[in-house]
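**Student:** Here you go, coords-v9.tsv (TSV, C-alpha atoms and all ligand atoms):
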chain	number	residue	atom	x	y	z
A	192	MET	CA	98.48	101.39	-267.68
A	193	THR	CA	101.51	99.14	-268.18
A	194	GLU	CA	104.22	100.89	-270.13
A	195	VAL	CA	106.01	98.68	-272.62
A	196	ALA	CA	109.00	99.79	-274.65
A	197	VAL	CA	109.36	97.62	-277.74
A	198	LEU	CA	112.98	97.36	-278.89
A	199	HIS	CA	113.32	96.63	-282.58
A	200	GLY	CA	115.60	97.22	-285.54
A	201	GLY	CA	119.12	96.73	-284.28
A	202	ALA	CA	122.38	96.58	-286.15
A	203	SER	CA	122.34	92.94	-287.29
A	204	ALA	CA	121.74	91.35	-290.67
A	205	GLU	CA	118.19	90.79	-289.44
A	206	ARG	CA	117.34	94.46	-288.92
A	207	GLU	CA	114.49	94.53	-291.46
A	208	VAL	CA	112.76	91.49	-289.98
A	209	SER	CA	113.11	92.91	-286.49
A	210	LEU	CA	111.54	96.22	-287.53
A	211	LYS	CA	108.50	94.26	-288.71
A	212	SER	CA	108.38	92.02	-285.62
A	213	GLY	CA	108.45	95.08	-283.37
A	214	GLN	CA	105.74	96.90	-285.26
A	215	ALA	CA	103.42	93.89	-285.17
A	216	CYS	CA	103.97	93.32	-281.43
A	217	ALA	CA	103.59	97.00	-280.50
A	218	ALA	CA	100.33	97.22	-282.44
A	219	ALA	CA	98.99	94.09	-280.75
A	220	LEU	CA	99.95	95.39	-277.30
A	221	TYR	CA	98.37	98.75	-277.97
A	222	ASP	CA	95.14	96.99	-278.98
A	223	ARG	CA	95.19	95.11	-275.69
A	224	GLY	CA	95.44	98.25	-273.62
A	225	TYR	CA	99.18	98.52	-273.06
A	226	ASP	CA	100.97	101.81	-273.38
A	227	ALA	CA	103.36	100.49	-276.05
A	228	ARG	CA	106.02	102.55	-277.77
A	229	LEU	CA	108.67	101.55	-280.29
A	230	ILE	CA	112.36	102.19	-279.91
A	231	ASP	CA	114.50	101.76	-283.02
A	232	VAL	CA	117.76	100.48	-281.57
A	233	ARG	CA	121.02	101.38	-283.28
A	234	ARG	CA	124.58	100.95	-282.09
A	235	ASP	CA	124.26	103.94	-279.81
A	236	VAL	CA	124.20	102.83	-276.18
A	237	PRO	CA	123.88	106.32	-274.58
A	238	ARG	CA	120.88	106.96	-276.75
A	239	LEU	CA	119.28	103.63	-275.87
A	240	VAL	CA	119.79	104.35	-272.16
A	241	LYS	CA	118.24	107.79	-272.65
A	242	ASP	CA	115.28	106.27	-274.54
A	243	LEU	CA	114.78	103.95	-271.55
A	244	THR	CA	114.84	106.79	-269.01
A	245	PRO	CA	112.60	106.95	-267.06
A	246	PRO	CA	112.34	103.16	-267.29
A	247	PRO	CA	109.21	101.55	-268.76
A	248	ASP	CA	107.52	98.79	-266.74
A	249	VAL	CA	108.67	96.20	-269.28
A	250	VAL	CA	110.91	96.00	-272.33
A	251	PHE	CA	109.54	93.88	-275.15
A	252	ASN	CA	112.64	92.65	-276.96
A	253	ALA	CA	111.84	92.27	-280.65
A	254	LEU	CA	115.48	92.39	-281.73
A	255	HIS	CA	117.08	89.57	-283.69
A	256	GLY	CA	120.69	88.59	-284.22
A	257	ARG	CA	123.87	90.09	-282.85
A	258	PHE	CA	123.57	92.37	-279.77
A	259	GLY	CA	119.80	91.83	-279.57
A	260	GLU	CA	119.73	88.05	-279.29
A	261	ASP	CA	123.16	87.17	-277.91
A	262	GLY	CA	122.91	88.37	-274.30
A	263	THR	CA	124.32	91.83	-274.92
A	264	VAL	CA	121.15	93.89	-274.67
A	265	GLN	CA	119.91	91.47	-272.00
A	266	GLY	CA	122.98	92.36	-269.90
A	267	LEU	CA	122.31	96.06	-270.28
A	268	LEU	CA	118.70	95.59	-269.17
A	269	ASP	CA	119.83	93.47	-266.21
A	270	LEU	CA	122.13	96.30	-265.25
A	271	MET	CA	119.34	98.86	-265.59
A	272	GLY	CA	116.93	96.65	-263.64
A	273	ILE	CA	114.23	96.65	-266.32
A	274	PRO	CA	112.27	93.38	-266.80
A	275	TYR	CA	112.45	92.19	-270.41
A	276	THR	CA	110.81	89.51	-272.51
A	277	HIS	CA	112.32	86.24	-273.78
A	278	SER	CA	115.51	84.59	-272.59
A	279	GLY	CA	117.96	86.12	-270.14
A	280	ARG	CA	121.62	86.95	-270.60
A	281	LEU	CA	123.17	83.50	-270.25
A	282	ALA	CA	120.63	81.49	-272.25
A	283	SER	CA	120.72	84.08	-275.02
A	284	ALA	CA	124.51	83.96	-275.23
A	285	LEU	CA	124.61	80.15	-275.16
A	286	ALA	CA	121.95	79.69	-277.80
A	287	MET	CA	123.48	82.25	-280.15
A	288	ASP	CA	126.91	80.63	-280.09
A	289	LYS	CA	126.28	77.56	-282.21
A	290	ALA	CA	129.32	75.71	-280.84
A	291	MET	CA	128.41	76.33	-277.18
A	292	ALA	CA	124.78	75.47	-277.87
A	293	ARG	CA	125.84	72.12	-279.37
A	294	THR	CA	127.86	71.33	-276.24
A	295	VAL	CA	124.95	72.11	-273.93
A	296	LEU	CA	122.44	70.20	-276.07
A	297	GLU	CA	124.71	67.15	-276.31
A	298	SER	CA	125.19	67.16	-272.56
A	299	ALA	CA	121.40	66.97	-272.25
A	300	ASP	CA	121.46	63.85	-274.49
A	301	LEU	CA	119.94	65.63	-277.46
A	302	ALA	CA	121.09	64.69	-280.95
A	303	VAL	CA	122.91	67.34	-282.97
A	304	PRO	CA	124.43	66.66	-286.40
A	305	GLU	CA	127.97	65.31	-286.28
A	306	GLY	CA	130.28	68.27	-286.61
A	307	MET	CA	132.99	70.48	-285.14
A	308	VAL	CA	134.54	73.90	-285.06
A	309	VAL	CA	137.48	74.29	-287.43
A	310	ALA	CA	139.74	77.12	-288.52
A	311	ARG	CA	138.49	78.73	-291.68
A	312	GLU	CA	141.92	78.17	-293.22
A	313	ALA	CA	141.73	74.42	-292.62
A	314	VAL	CA	138.58	74.09	-294.74
A	315	ARG	CA	140.37	75.80	-297.56
A	316	SER	CA	142.95	73.05	-297.86
A	317	ALA	CA	140.91	69.89	-297.19
A	318	ASP	CA	137.34	68.78	-296.63
A	319	PRO	CA	136.86	68.45	-292.85
A	320	LEU	CA	133.99	65.98	-293.37
A	321	PRO	CA	132.79	63.79	-296.23
A	322	ARG	CA	130.55	65.70	-298.63
A	323	PRO	CA	127.87	66.91	-298.49
A	324	TYR	CA	128.57	69.02	-295.42
A	325	VAL	CA	127.49	72.41	-294.13
A	326	ILE	CA	129.66	75.41	-293.23
A	327	LYS	CA	128.18	78.04	-290.94
A	328	PRO	CA	129.28	81.00	-288.87
A	329	LEU	CA	129.32	80.54	-285.10
A	330	GLY	CA	126.97	83.38	-284.34
A	331	GLU	CA	124.64	84.58	-287.07
A	332	GLY	CA	121.00	83.88	-287.82
A	333	SER	CA	118.57	83.84	-290.73
A	334	SER	CA	120.86	81.45	-292.66
A	335	VAL	CA	123.35	84.27	-293.20
A	336	GLY	CA	126.68	82.64	-294.03
A	337	VAL	CA	125.27	79.09	-294.18
A	338	HIS	CA	126.64	77.06	-297.13
A	339	ILE	CA	125.98	73.51	-298.19
A	340	ILE	CA	129.06	71.97	-299.82
A	341	ARG	CA	128.10	69.33	-302.35
A	342	GLU	CA	130.16	67.30	-304.78
A	343	HIS	CA	131.07	70.05	-307.23
A	344	ASP	CA	131.25	73.07	-304.92
A	345	ASP	CA	134.44	74.96	-304.19
A	346	PRO	CA	134.64	75.79	-300.46
A	347	ALA	CA	137.79	77.87	-300.97
A	348	GLU	CA	135.91	80.32	-303.14
A	349	ILE	CA	133.04	80.57	-300.62
A	350	LEU	CA	135.44	81.14	-297.73
A	351	GLU	CA	137.15	83.88	-299.66
A	352	THR	CA	134.03	85.79	-300.63
A	353	ASP	CA	131.78	85.45	-297.56
A	354	ASP	CA	132.86	87.90	-294.86
A	355	THR	CA	130.13	86.82	-292.40
A	356	LEU	CA	132.28	83.74	-291.67
A	357	GLY	CA	134.83	84.40	-288.92
A	358	GLU	CA	138.28	82.91	-288.33
A	359	GLU	CA	136.58	79.80	-287.02
A	360	VAL	CA	133.56	78.14	-288.59
A	361	LEU	CA	131.23	75.31	-287.65
A	362	VAL	CA	131.11	72.39	-290.05
A	363	GLU	CA	128.38	69.78	-289.83
A	364	ARG	CA	127.36	66.68	-291.69
A	365	PHE	CA	124.54	67.57	-294.05
A	366	VAL	CA	121.45	65.87	-292.67
A	367	PRO	CA	119.19	64.84	-295.55
A	368	GLY	CA	115.43	64.75	-295.25
A	369	ARG	CA	113.09	67.42	-294.01
A	370	GLU	CA	113.13	70.73	-292.17
A	371	LEU	CA	111.06	71.08	-288.98
A	372	THR	CA	110.54	73.85	-286.47
A	373	VAL	CA	108.90	73.80	-283.02
A	374	THR	CA	107.80	76.68	-280.80
A	375	VAL	CA	108.17	76.38	-277.05
A	376	MET	CA	106.03	78.65	-274.89
A	377	GLY	CA	107.11	78.39	-271.26
A	378	GLU	CA	106.74	74.75	-270.29
A	379	ARG	CA	104.90	73.69	-273.42
A	380	ALA	CA	105.99	72.80	-276.96
A	381	LEU	CA	103.17	74.00	-279.20
A	382	ALA	CA	103.33	72.32	-282.59
A	383	VAL	CA	105.61	71.07	-285.37
A	384	THR	CA	105.74	72.80	-288.75
A	385	GLU	CA	107.48	71.31	-291.77
A	386	ILE	CA	109.09	73.99	-293.92
A	387	LYS	CA	109.37	73.21	-297.60
A	388	PRO	CA	111.41	75.70	-299.61
A	389	LYS	CA	110.17	75.64	-303.19
A	390	GLN	CA	113.79	75.86	-304.40
A	391	GLY	CA	117.11	75.05	-302.77
A	392	PHE	CA	117.48	75.01	-298.95
A	393	TYR	CA	115.99	77.23	-296.25
A	394	ASP	CA	118.29	80.18	-296.96
A	395	TYR	CA	117.78	83.90	-296.35
A	396	ARG	CA	115.73	84.38	-299.51
A	397	ASN	CA	113.47	81.41	-298.76
A	398	LYS	CA	112.92	82.67	-295.21
A	399	TYR	CA	111.79	86.17	-296.07
A	400	THR	CA	110.36	86.10	-299.58
A	401	GLY	CA	106.59	85.69	-299.35
A	402	GLY	CA	105.54	82.39	-300.92
A	403	ALA	CA	109.10	81.06	-301.34
A	404	SER	CA	108.59	78.41	-298.65
A	405	GLU	CA	105.56	76.38	-297.80
A	406	HIS	CA	104.65	75.90	-294.11
A	407	ARG	CA	102.96	72.55	-293.46
A	408	LEU	CA	101.24	72.69	-290.11
A	409	PRO	CA	100.86	70.21	-288.52
A	410	ALA	CA	103.93	68.61	-290.12
A	411	PRO	CA	102.81	65.50	-292.05
A	412	ILE	CA	105.24	63.14	-290.34
A	413	HIS	CA	104.92	59.93	-288.33
A	414	ALA	CA	103.07	60.54	-285.03
A	415	GLU	CA	106.04	59.24	-283.02
A	416	ALA	CA	108.42	61.64	-284.76
A	417	TYR	CA	105.98	64.49	-284.17
A	418	GLU	CA	105.88	63.78	-280.44
A	419	ALA	CA	109.65	63.37	-280.30
A	420	ALA	CA	110.18	66.73	-282.03
A	421	LEU	CA	107.93	68.40	-279.41
A	422	ASP	CA	109.82	66.68	-276.58
A	423	GLN	CA	113.24	67.57	-277.95
A	424	ALA	CA	112.38	71.23	-278.49
A	425	LEU	CA	111.15	71.51	-274.91
A	426	ALA	CA	114.22	69.68	-273.59
A	427	ALA	CA	116.50	72.02	-275.58
A	428	HIS	CA	114.68	75.10	-274.27
A	429	LEU	CA	115.12	73.85	-270.71
A	430	ALA	CA	118.74	72.72	-271.17
A	431	LEU	CA	119.76	76.16	-272.40
A	432	GLY	CA	117.74	77.84	-269.64
A	433	CYS	CA	115.47	79.76	-272.02
A	434	ARG	CA	112.57	81.90	-270.83
A	435	GLY	CA	109.28	82.84	-272.50
A	436	VAL	CA	109.11	81.80	-276.13
A	437	SER	CA	111.81	80.06	-278.16
A	438	ARG	CA	111.81	78.15	-281.45
A	439	ALA	CA	113.93	75.09	-282.19
A	440	ASP	CA	115.02	74.26	-285.76
A	441	LEU	CA	115.42	70.56	-286.48
A	442	ARG	CA	116.30	68.25	-289.35
A	443	TYR	CA	114.30	65.07	-289.76
A	444	ASP	CA	116.07	62.33	-291.65
A	445	ASP	CA	113.35	60.03	-292.94
A	446	THR	CA	115.36	58.78	-295.90
A	447	GLY	CA	115.59	55.35	-294.25
A	448	GLY	CA	111.82	55.25	-293.61
A	449	GLU	CA	109.54	56.56	-290.86
A	450	PRO	CA	109.83	57.27	-288.00
A	451	GLY	CA	113.24	58.71	-288.88
A	452	ASP	CA	115.97	60.46	-286.89
A	453	LEU	CA	115.76	63.96	-285.46
A	454	TYR	CA	118.68	66.38	-285.04
A	455	ILE	CA	118.50	69.82	-283.44
A	456	LEU	CA	120.20	72.53	-285.47
A	457	GLU	CA	119.63	75.42	-283.11
A	458	VAL	CA	117.34	77.17	-280.66
A	459	ASN	CA	116.24	80.68	-281.62
A	460	THR	CA	115.69	82.73	-278.47
A	461	GLN	CA	114.26	85.74	-280.36
A	462	PRO	CA	112.16	84.10	-283.08
A	463	GLY	CA	110.41	86.17	-285.74
A	464	MET	CA	107.18	87.76	-284.53
A	465	THR	CA	105.56	89.22	-287.59
A	466	GLU	CA	101.98	88.06	-288.00
A	467	LEU	CA	103.18	85.68	-290.74
A	468	SER	CA	106.06	84.22	-288.73
A	469	LEU	CA	106.28	80.60	-287.64
A	470	VAL	CA	105.76	81.17	-283.90
A	471	PRO	CA	102.46	83.11	-284.22
A	472	GLU	CA	101.30	80.54	-286.78
A	473	GLN	CA	101.90	77.64	-284.38
A	474	ALA	CA	100.28	79.54	-281.50
A	475	GLU	CA	97.21	80.15	-283.66
A	476	HIS	CA	97.16	76.44	-284.53
A	477	VAL	CA	96.72	75.58	-280.84
A	478	GLY	CA	94.13	78.32	-280.30
A	479	ILE	CA	96.34	81.17	-279.05
A	480	GLY	CA	95.79	84.34	-281.08
A	481	PHE	CA	98.57	86.82	-281.85
A	482	GLY	CA	97.40	89.36	-279.24
A	483	GLU	CA	97.11	86.72	-276.55
A	484	LEU	CA	100.58	85.39	-277.41
A	485	VAL	CA	102.20	88.82	-277.23
A	486	GLU	CA	100.45	89.60	-273.96
A	487	TRP	CA	101.63	86.30	-272.46
A	488	ILE	CA	105.19	87.12	-273.50
A	489	VAL	CA	104.98	90.51	-271.75
A	490	GLU	CA	103.56	88.96	-268.58
A	491	GLU	CA	106.54	86.54	-268.47
A	492	ALA	CA	109.09	89.36	-268.61
A	493	ALA	CA	111.85	89.13	-266.02
A	494	CYS	CA	115.26	90.45	-265.22
A	495	ASP	CA	118.29	88.95	-263.53
A	496	GLY	CA	119.37	92.19	-261.96
A	501	LIG	N1	123.63	70.04	-290.62
A	501	LIG	C1	122.71	70.47	-291.48
A	501	LIG	N2	122.12	69.59	-292.34
A	501	LIG	C2	121.21	70.00	-293.25
A	501	LIG	N3	120.81	71.28	-293.38
A	501	LIG	C3	121.34	72.21	-292.56
A	501	LIG	C4	122.30	71.85	-291.56
A	501	LIG	N4	122.66	72.98	-290.90
A	501	LIG	C5	121.95	73.99	-291.45
A	501	LIG	N5	121.16	73.54	-292.45
A	501	LIG	C6	120.24	74.36	-293.28
A	501	LIG	O1	120.56	75.73	-293.10
A	501	LIG	C7	119.48	76.44	-292.44
A	501	LIG	C8	120.04	77.45	-291.43
A	501	LIG	O2	120.82	76.78	-290.46
A	501	LIG	P1	120.65	77.06	-288.89
A	501	LIG	O3	121.63	76.19	-288.19
A	501	LIG	O4	119.23	76.94	-288.49
A	501	LIG	O5	121.19	78.57	-288.76
A	501	LIG	P2	120.46	80.00	-288.77
A	501	LIG	O6	120.75	80.55	-287.42
A	501	LIG	O7	121.18	80.76	-289.83
A	501	LIG	O8	119.01	79.80	-289.02
A	501	LIG	C9	118.65	75.35	-291.79
A	501	LIG	O9	117.33	75.78	-291.60
A	501	LIG	C10	118.82	74.19	-292.78
A	501	LIG	O10	117.95	74.35	-293.89
A	502	MG	MG	117.73	78.43	-288.10
Go through the file and emit its structure as structure tokens.
Ligand SMILES: Nc1ncnc2c1ncn2[C@@H]1O[C@H](COP(=O)(O)OP(=O)(O)O)[C@@H](O)[C@H]1O
Ligand SMILES: [Mg+2]

**Tutor:**
Amino acid sequence: MTEVAVLHGGASAEREVSLKSGQACAAALYDRGYDARLIDVRRDVPRLVKDLTPPPDVVFNALHGRFGEDGTVQGLLDLMGIPYTHSGRLASALAMDKAMARTVLESADLAVPEGMVVAREAVRSADPLPRPYVIKPLGEGSSVGVHIIREHDDPAEILETDDTLGEEVLVERFVPGRELTVTVMGERALAVTEIKPKQGFYDYRNKYTGGASEHRLPAPIHAEAYEAALDQALAAHLALGCRGVSRADLRYDDTGGEPGDLYILEVNTQPGMTELSLVPEQAEHVGIGFGELVEWIVEEAACDG
């Protein structure tokens, strides 16, 4: 029987989501005949190494955010020689660093919103871009630290109170229009979902409060835009060197009519995997059940040791 250790939890802002992702994946693997066990990862490396000794056949990485999604745990597993799911060390690190990811995506001719990295102090004194614009941390997820600065907002106050923003922040032109997301599974982009928050933008609350956002699958957009979103997500996955499953977040500006313009915001290398998450929903839409999806992910596990 294949032994799978499912890493979940972690020390990031996304710990709670990861606990749920891990539980759902472990249960599905168990049902499909894998010897799956959960490991709640904390910031205790000796303990993690001990929990992985003797090594399982595969690690299922259900961590999100810092250390779990940024190449850190991937590097440890490379060192230990244990095959793991999802992207490897380099792709994980590139995708997690929003500034580096933009550079790689632009070099692959993919459109990202106009923007740049600026010192946090600089934003305090003057607007780096015409309003509305977006301020975000270089390496968080789940919309933690993401702020939209509109006409009457005070960026100085936000910069003072939000300690998830580092010394440098990414600022981007606010792209109006709609929010899209696309799952890539290996060589194939699965489907396009439009996410419609009932209030405000797709922030932390709207991501994880049941019923706070509506998922429209397939996204009701122009057929050409739908195809382009699939193509761009796959191109982004390949440009960053991702493995297994990833999920690209895009903005679709259709304010000048359809088909509109697409911009990639980011590629998530460890997307949410609860049964209600976007990736399982898109897989289901193309006829791949949750158990089948999780099993495919395990079979793709690899290691760059
Ligand atoms: N340039 C932008 N224009 C419009 N909305 C944006 C922009 N950047 C981020 N957002 C909004 O903030 C959300 C989170 O941003 P994203 O870059 O995906 O970071 P995270 O890793 O936190 O998910 C997006 O889903 C979108 O709703
Ligand atoms: Mg996102």

**Student:** For ligand MG 502 (chain A), return the neighbouring residues as a list in words (distance at most 10 Å; only C-alpha atoms and all ligand atoms).

**Tutor:** Glu331, Gly332, Ser333, Ser334, Val335, Val337, Glu370, Leu371, Thr372, Tyr393, Asp394, Tyr395, Lys398, Arg438, Ala439, Asp440, Leu441, Ile455, Leu456, Glu457, Val458, Asn459 and Pro462 of chain A

**Student:** For a quick check of understanding, using all atoms listed in the file, which of A:Gly377, A:Gly336, A:Pro247, A:Gly463 has the smallest distance to ligand LIG 501 (chain A)?

**Tutor:**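 Smallest distance to ligand LIG 501 (chain A) is found for A:Gly336.
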
**Student:** Can you pull out the residues contacting Tyr443 (chain A)? Cut-off 7 Å, using only C-alpha atoms, and skip same-chain residues under 2 positions away; I want them as a list of chain:residue names.

**Tutor:**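 Residues meeting the cut-off are A:Gly368, A:Arg369, A:Glu370, A:Leu371, A:Leu441, A:Asp445, A:Gly451, A:Asp452, A:Leu453, A:Tyr454.
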
**Student:** At a cut-off of 9 Å, using all atoms listed in the file, what residues contact Val366 (chain A)? Leave out same-chain residues fewer than 4 positions from it and give the result as an MDAnalysis selection string.

**Tutor:** chainID A and resid 304 323:324 442:444 454

**Student:** Return the padded bounding box of ligand LIG 501 (chain A) as JSON: axis-aligned, built from all atoms listed in the file, 8 Å added on each side, with centre and edge lengths in Å to one decimal.

**Tutor:**
{"center_x": 120.5, "center_y": 75.2, "center_z": -290.7, "size_x": 22.3, "size_y": 27.2, "size_z": 22.5}

**Student:** Would you mind telling me which residue in A:Leu268, A:Ala474, A:Ile386, A:Ala426 lies nearest to ligand LIG 501 (chain A) when using all atoms listed in the file?

**Tutor:** A:Ile386

**Student:** If I put a ball of radius 10 Å at (112.1, 89.3, -275.6) in the file's coordinates, which residues poke into it when counting all atoms listed in the file, written as a PyMOL selection string?

**Tutor:** chain A and resi 197-198+249-255+259-260+265+274-279+434-437+460-462+488-489+491-493

**Student:** My list of candidates is A:Leu381, A:Val373, A:Ala416, A:Ile349. Which is closest to Gly448 (chain A) when distances are computed with all atoms listed in the file?

**Tutor:**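 Nearest to Gly448 (chain A): A:Ala416.
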
**Student:** When distances are computed from only C-alpha atoms, which of A:Thr465, A:Thr400, A:Gly447, A:Glu472 shows the smallest separation from Leu210 (chain A)?

**Tutor:**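 Smallest distance to Leu210 (chain A) is found for A:Thr465.
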
**Student:** Give the answer as one residue: which of A:Tyr399, A:Tyr417, A:Trp487, A:Phe481 has the shortest atom-to-atom distance to ligand LIG 501 (chain A), using all atoms listed in the file?

**Tutor:** A:Tyr399
